[in-house]
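Enquirer: The structure that follows is given in the form of structure tokens.
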Amino acid sequence: MALSMRTVSAKTAAPRGFAGRRVAAVSNGCRVVMKAGNWLPGSDAPAWLPDDLPGNYGFDPLSLGKDPASLKRFTESEVIHGRWAMLGVAGALAVELLGYGNWYDAPLWAVTGGKATWFGIEVPFDLNTLLAFEFVAMAAAEGQRNDAGGVIYPGGAFDPLGFAKDSSKAGELKLKEIKNGRLAMVAFLGFIAQHAATGKGPLAALGEHLANPWGANFATNGVSVPFF
């Protein structure tokens, strides 16, 4: 009887509050780095690819990144090419969307001896003058980027909105940039292949496909699948 009374009393008693002092989260001083994943499930990720490398999915089947100097150069090249590809895709879509032709015809003036245009406005410079201006502008920009102390992420004037100032989001932004850059490189390769097959720009081909999905696609363009 006494035992059951004690049991009931224990069950019905009000919970005791924590009388001690709350402490901050326990930390051993280590930073946990989450890997992006593995491009080939079940395979071992190459040991020479660091876990904190943005967009590292363990893809290096030819072991090109074993040499640290080569890995650094390839990493820089991928980011720079990705940025150019994003600009190129945006420009190719914008010029067609605004009704100024397509990306393929835009530079033909340099071959045919015509004049360059910018949003329909004729540019009063010949090809040699434009090349000289581009050379000087690119050399100045590259010089400023290297002087800033970083080849890929120099910050400063190259980060006018201050995105890199928040270190907690820097890794996330780098990952988004390399993902979008890779997507843009594949997209522009698709633009080139599409024009070679159909002679149309991306938006014209998309409109044709949406109007007739089964009659206008990669299998019916006469090139991708030759026997169709």
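The way I read the labels, and the way they are meant: chains A, B, ... in the order of the structure tokens, residue 1 as the first residue of every chain, and ligand 1 as the first ligand shown, with later ones counted on from there.
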Go through range 56-218 of chain A and collect every residue that DSSP, computed from the backbone, puts in helix (DSSP H, G or I); the answer should be as a ChimeraX atom specification.
Expert: /A:68-97,106-112,127-147,156-158,163-165,167-198,202-211
Enquirer: Residues at most 12 Å from range 97-111 of chain A, counting only C-alpha atoms, excluding those fewer than 5 positions away in the same chain, as a PyMOL selection string?
Expert: chain A and resi 88-92+116-123+125-128+130-131+188+191-196+199-207
Enquirer: What is the distance, in Å and to one decimal place, between CA of Ala137 in chain A and CA of Leu161 in chain A?
Expert: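 These atoms are spaced 22.0 Å apart.
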Enquirer: Work out how far apart CA of Ile178 in chain A and CA of Asn56 in chain A are and give it in Å to one decimal.
Expert: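 CA of Asn56 in chain A lies 9.8 Å from CA of Ile178 in chain A.
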Enquirer: Once DSSP has gone over the backbone, tell me which residues of range 14-222 of chain A are in strand (DSSP E), as a ChimeraX atom specification.
Expert: /A:117-118,121-122
